[in-house]
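To start, the structure itself, in structure tokens.
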Amino acid sequence: MEQTILEAKDINKYFHDPVTVQVLKNISFSIHKSEFASIIGKSGCGKSTLLYILSTMDTDYEGQLFIDGQAIRGKKEAELAFIRNEKIGFVFQFHYLLNEFSVLRNVMLPGLKLAKQSEKEIEHRAYEKLKILGIENEALKNPNQLSGGQKQRVAIARALINDPLIIMGDEPTGNLDKKNSQIVFAIFQELAEEYHQSLLIVTHDNSFAERTHRIIEMEDGSIIRM
Amino acid sequence: MNFKLIISVSRSLLMARLKQTLIAAVGVTFSITMFITLLSFMGGLNSMLDGLVLNRTPHVRLYNEILPAQHQPIDVSSDYQGDYNFVSSIKPKNERPDLRNSGAIIRTLRSDKRVLGVAPKINAQVFFNVGSIDLSGVVNGIDVEEENRLFTFSDYVIEGDYMDLKNTPNSIILGKGLADKMLASVGDVVQITTSRGERIQLKVVGYFQSGLQDIDKVQSYASLNTTQKMLGVPNSYITDLQVKLLDMNEAPAVAKEMQATFDVEAIDIQTANSQFETGSFVRTLISYAVGITLLVVAGFGIYNILNMMIYEKMDSIAILKATGFSGKDVNRIFITIAMTIGVVGGIFGLLFGLGLSAIIDQIPFDTQALPTIKTYPVNYNPKFYIIGGIFSLVTTYFAGYFPSRKASKVDPVVIIRGK
């Protein structure tokens, strides 16, 4: 039996504005260590909503969520922030790099926040991560000097800096052209195969999903295939 | 807590909006500058105006008031103890207006640890004879050296040397207004008639100008000896004892004590000049009010800038929170920004305030009424700087508090999903 790193039990979620609508219905599933999973579904089926609940950022739901065996519900905001910092890496559709910092500094930020290592070590690790992603030469540039694909790779490096338990992606290739999408997918695959990194990627791109180890398909707030 | 990281994030956000933050800091600088300048200037004016009267007013004045006796013989009589006694038309007894046993009182006072010094004084009503006209006036017989030590007499002597009063026998220093009326210049001799009708001639050795015209028109100074001789009284004759204390605030208590001990009338400076304290207080209050208003306005400027920054940096806040910064961290980042503006603006404000006060201190301010003042008075009280510094920190903290709280409450899901 492989180690379960993320487990959802009977998660229900409602939107109350303007009328109460149930967007997630009894979602239960788990992710094992070094699994490369994708969530697919039509627009509005609740896949992103689910991801934000799993990511601990959305706390308004019913049911149970365990990350690395820890119950997440009822934890304080600062504790959740710490869990996100240490155990989860994010890649969004938009890169969300801070233009005031260099690429290197952007990658280092979550590491500096965790502060488990000295600044020198974090910098060294950031360089390593950038090297994995093939953009170590851009380290000292400003994010707005990079292309869209490069920015997304920087965002992935940032997600990797604390060696997270799992990387969560919300349409990470949604904003990219075909070539860059391929590159990003190749990176994810490499992370999964070579570094045994667990990944959970929300996407509406079926060709992307088909190449992952496991597909979780959603429809109208329920899981129909997993 | 990782302060270095928070400071570095704050700095980068500050740098991203350098112009606006500079303007906010300039607002704080300006208000602190004005606050310091206003208070220093107002403080200087206050102490000058107070000094005009308070420096020359004894903290406690001992004198002998001519009053009807408090107790009539019938009150003491045992036969009428249970009765109400009415005595009409009581008059004061004929007695000299001098302090009895003044020598002993002076010795006792001089050995008192709370007392800085004692200056004896004789108050004599006289007439100055100018041709056929008699001008009423007052001659103050003073101990020249003590008077100068305690009440800076020499500051007000605008012509002649005050020590001549002691060194030249039968000499007088006239008030400027009085001298002008009499057309008496230094070296002239003026004729005086005392209240008992004796005539005496005194040599004018100087003028004094107090700044209060009513005083300058009637007052004049002579030495104790000259005055005693003029009045035909013995050496021990003294009408007033002017006591200066080390701590002015002790005056009421000390006055009460002296009144009981020496059986004389004693009045303290607070009772005699309460209106001056009120004036100073109101002026200070107004300066503080204006200064604080300026600071509050600067505070709104900071509030605006931070609010704008938060709207602009919503994405950055969202990603910081997504990658593990807690609401508290984000709050600290924006408080740090606000406090940086406050500290930098405040420090420059204090420096500029000092500079501006120093400039005001150099501006000539010549007035006939105030012979000792040559430039605008400025008070460099460190208290103003401490208060200004604290106020700049407090207002910027509060200006930053609400925007920071808003930033800390940003929900990353809303921002990221909204894209």
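Residue names in the structure tokens use chain letters A, B, ... in the order shown, residue numbers from 1 in each chain, and ligand numbers from 1 in the order shown.
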
Problem set entry | Contact set, chain B to chain A: 7 Å, only C-alpha atoms, as an MDAnalysis selection string | chainID B and resid 2 5 12:13 16 315:316 319 321:326 413

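By chain and then residue number, the residues within 8 Å of region 148-156 of chain A are Phe90, Val91, Phe94, His95, Tyr96, Leu97, Val103, Val107, Leu130, Leu133, Ile135, Pro143, Leu160, Pro172, Leu176, Asn180, Ser181 and Val184 of chain A, counting only C-alpha atoms and disregarding those fewer than 4 positions away in sequence.
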
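Counting only C-alpha atoms, the residue from B:Asp75, B:Ser88, B:Leu354, B:Val115 that sits nearest to Ala255 (chain B) is B:Val115.
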
Neighbour list for Ile347 (chain B) as an mmCIF file with C-alpha atoms, in the first residue's frame, cut-off 9 Å, only C-alpha atoms, skip fewer than 5 positions in-chain:
```cif
data_model
loop_
_atom_site.group_PDB
_atom_site.id
_atom_site.type_symbol
_atom_site.label_atom_id
_atom_site.label_comp_id
_atom_site.auth_asym_id
_atom_site.auth_seq_id
_atom_site.Cartn_x
_atom_site.Cartn_y
_atom_site.Cartn_z
ATOM 1 C CA THR B 29 7.829 65.627 7.011
ATOM 2 C CA ILE B 32 6.216 67.396 11.687
ATOM 3 C CA GLY B 342 6.269 57.575 9.241
ATOM 4 C CA PHE B 352 13.697 70.410 9.121
ATOM 5 C CA GLY B 389 8.351 61.926 16.940
#
```

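Separating CA of Gln20 (chain B) from CA of Ile341 (chain B) is a distance of 10.5 Å.
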
Exercise. DSSP says strand (DSSP E or B) for which residues of region 37-106 of chain A? Put them as a ChimeraX atom specification?
Worked result: /A:37-41,62-67,70-71,88-91

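Nearest residue to Met108 (chain A) among B:Val205, B:Leu350, B:Val282, B:Val9 is B:Val9, counting only C-alpha atoms.
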
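Picture a line from CA of Gly141 (chain B) to CA of Thr227 (chain B); it runs 5.3 Å.
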
Problem set entry | Those of region 121-186 of chain A in DSSP alpha helix (DSSP H), formatted as a ChimeraX atom specification | /A:121-132,148-160,178-186

Seminar exercise, completed: Here CA of Leu224 (chain B) and CA of Asn123 (chain B) stand apart by 10.0 Å

Neighbours of region 101-114 of chain B within 12 Å (only C-alpha atoms; same-chain residues fewer than 2 positions away dropped), as an mmCIF file with C-alpha atoms, in the first residue's frame?
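around02.cif written:
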```cif
data_model
loop_
_atom_site.group_PDB
_atom_site.id
_atom_site.type_symbol
_atom_site.label_atom_id
_atom_site.label_comp_id
_atom_site.auth_asym_id
_atom_site.auth_seq_id
_atom_site.Cartn_x
_atom_site.Cartn_y
_atom_site.Cartn_z
ATOM 1 C CA HIS B 59 7.841 83.877 43.695
ATOM 2 C CA VAL B 60 6.719 84.969 47.124
ATOM 3 C CA LEU B 62 6.222 89.335 51.941
ATOM 4 C CA TYR B 63 4.731 92.659 52.954
ATOM 5 C CA ASN B 64 2.799 94.323 55.674
ATOM 6 C CA ASP B 98 7.416 98.384 57.010
ATOM 7 C CA LEU B 99 8.074 94.779 57.905
ATOM 8 C CA LEU B 116 17.244 80.886 45.897
ATOM 9 C CA GLY B 117 17.539 84.380 47.246
ATOM 10 C CA VAL B 118 15.862 87.281 49.000
ATOM 11 C CA ALA B 119 15.825 90.845 47.720
ATOM 12 C CA PRO B 120 14.585 93.501 50.136
ATOM 13 C CA LYS B 121 12.709 96.432 48.694
ATOM 14 C CA ILE B 122 11.206 99.718 49.825
ATOM 15 C CA GLU B 146 20.524 91.023 44.803
ATOM 16 C CA PRO B 234 16.278 103.794 59.889
ATOM 17 C CA ASN B 235 18.391 101.167 58.122
ATOM 18 C CA SER B 236 16.071 98.347 59.072
ATOM 19 C CA TYR B 237 13.099 99.909 57.268
ATOM 20 C CA ILE B 238 11.957 97.581 54.495
ATOM 21 C CA THR B 239 8.446 97.347 53.083
ATOM 22 C CA ASP B 240 8.743 94.276 50.892
ATOM 23 C CA LEU B 241 10.764 91.103 50.822
ATOM 24 C CA GLN B 242 10.956 89.483 47.413
ATOM 25 C CA VAL B 243 11.709 85.795 47.679
ATOM 26 C CA LYS B 244 12.794 83.709 44.750
ATOM 27 C CA LEU B 245 12.517 79.950 45.182
ATOM 28 C CA LEU B 246 14.396 77.163 43.472
ATOM 29 C CA ASP B 247 11.112 75.603 42.408
ATOM 30 C CA MET B 248 8.413 78.057 41.444
ATOM 31 C CA ASN B 249 5.682 75.472 41.947
ATOM 32 C CA GLU B 250 6.348 75.402 45.680
ATOM 33 C CA ALA B 251 5.423 79.070 45.982
ATOM 34 C CA ALA B 253 2.822 76.326 50.035
ATOM 35 C CA VAL B 254 5.864 78.351 50.996
ATOM 36 C CA ALA B 255 3.840 81.572 51.014
ATOM 37 C CA GLU B 257 4.074 78.820 55.663
ATOM 38 C CA MET B 258 5.849 82.190 55.737
ATOM 39 C CA GLN B 259 2.639 83.999 56.437
ATOM 40 C CA THR B 261 5.742 81.902 60.683
ATOM 41 C CA PHE B 262 6.532 85.602 60.310
ATOM 42 C CA ASP B 263 3.055 87.023 60.903
ATOM 43 C CA VAL B 264 3.130 89.063 57.685
#
```

Exercise. What's the 9 Å shell around Leu45 (chain B), counting only C-alpha atoms, without same-chain residues fewer than 5 positions away, as JSON, numbers by chain?
Worked result: {"B": [40, 50, 376, 377, 378, 379]}

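The nearest approach to Ile224 (chain A) among the residues A:Gln70, A:Asn26, A:Thr20, A:Thr4, with only C-alpha atoms taken into account, belongs to A:Asn26.
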
Exercise. Which neighbours of Gly41 (chain A) fall inside 7 Å, counting only C-alpha atoms, when residues of the same chain fewer than 5 positions from it are skipped, and could you give them as a VMD selection string?
Worked result: chain A and resid 47 204 217 to 219

How would the residues just chosen look if you wrote them out with N, CA and C atoms as a short mmCIF file (atom, residue, chain, number, x, y, z; two decimals), in the first residue's frame?
```cif
data_model
loop_
_atom_site.label_atom_id
_atom_site.label_comp_id
_atom_site.auth_asym_id
_atom_site.auth_seq_id
_atom_site.Cartn_x
_atom_site.Cartn_y
_atom_site.Cartn_z
N LYS A 47 -14.46 21.71 -10.58
CA LYS A 47 -13.11 21.15 -10.41
C LYS A 47 -12.14 22.14 -9.77
N HIS A 204 -8.84 21.40 -18.46
CA HIS A 204 -9.96 21.02 -19.31
C HIS A 204 -9.44 20.47 -20.65
N GLU A 217 -12.49 12.48 -13.26
CA GLU A 217 -13.41 13.26 -14.07
C GLU A 217 -14.60 13.69 -13.25
N MET A 218 -14.96 14.92 -13.42
CA MET A 218 -16.08 15.46 -12.64
C MET A 218 -17.19 15.94 -13.55
N GLU A 219 -18.40 15.86 -13.01
CA GLU A 219 -19.53 16.43 -13.72
C GLU A 219 -20.54 16.90 -12.69
#
```

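For Arg56 (chain B), the residues within 12 Å (counting only C-alpha atoms, excluding itself and residues fewer than 6 positions away along the chain) are Met48, Leu49, Asp50, Ala119, Glu147, Asn148, Arg149, Leu150, Phe151, Thr152, Phe153, Ser154, Asp155, Tyr156, Ser210, Gly211, Leu212, Gln242, Val243, Lys244, Ile269 and Asn273 of chain B.
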
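Among the candidates B:Ile416, B:Leu67, B:Ile302, B:Ala184, the one nearest to Ile172 (chain B) when counting only C-alpha atoms is B:Ala184.
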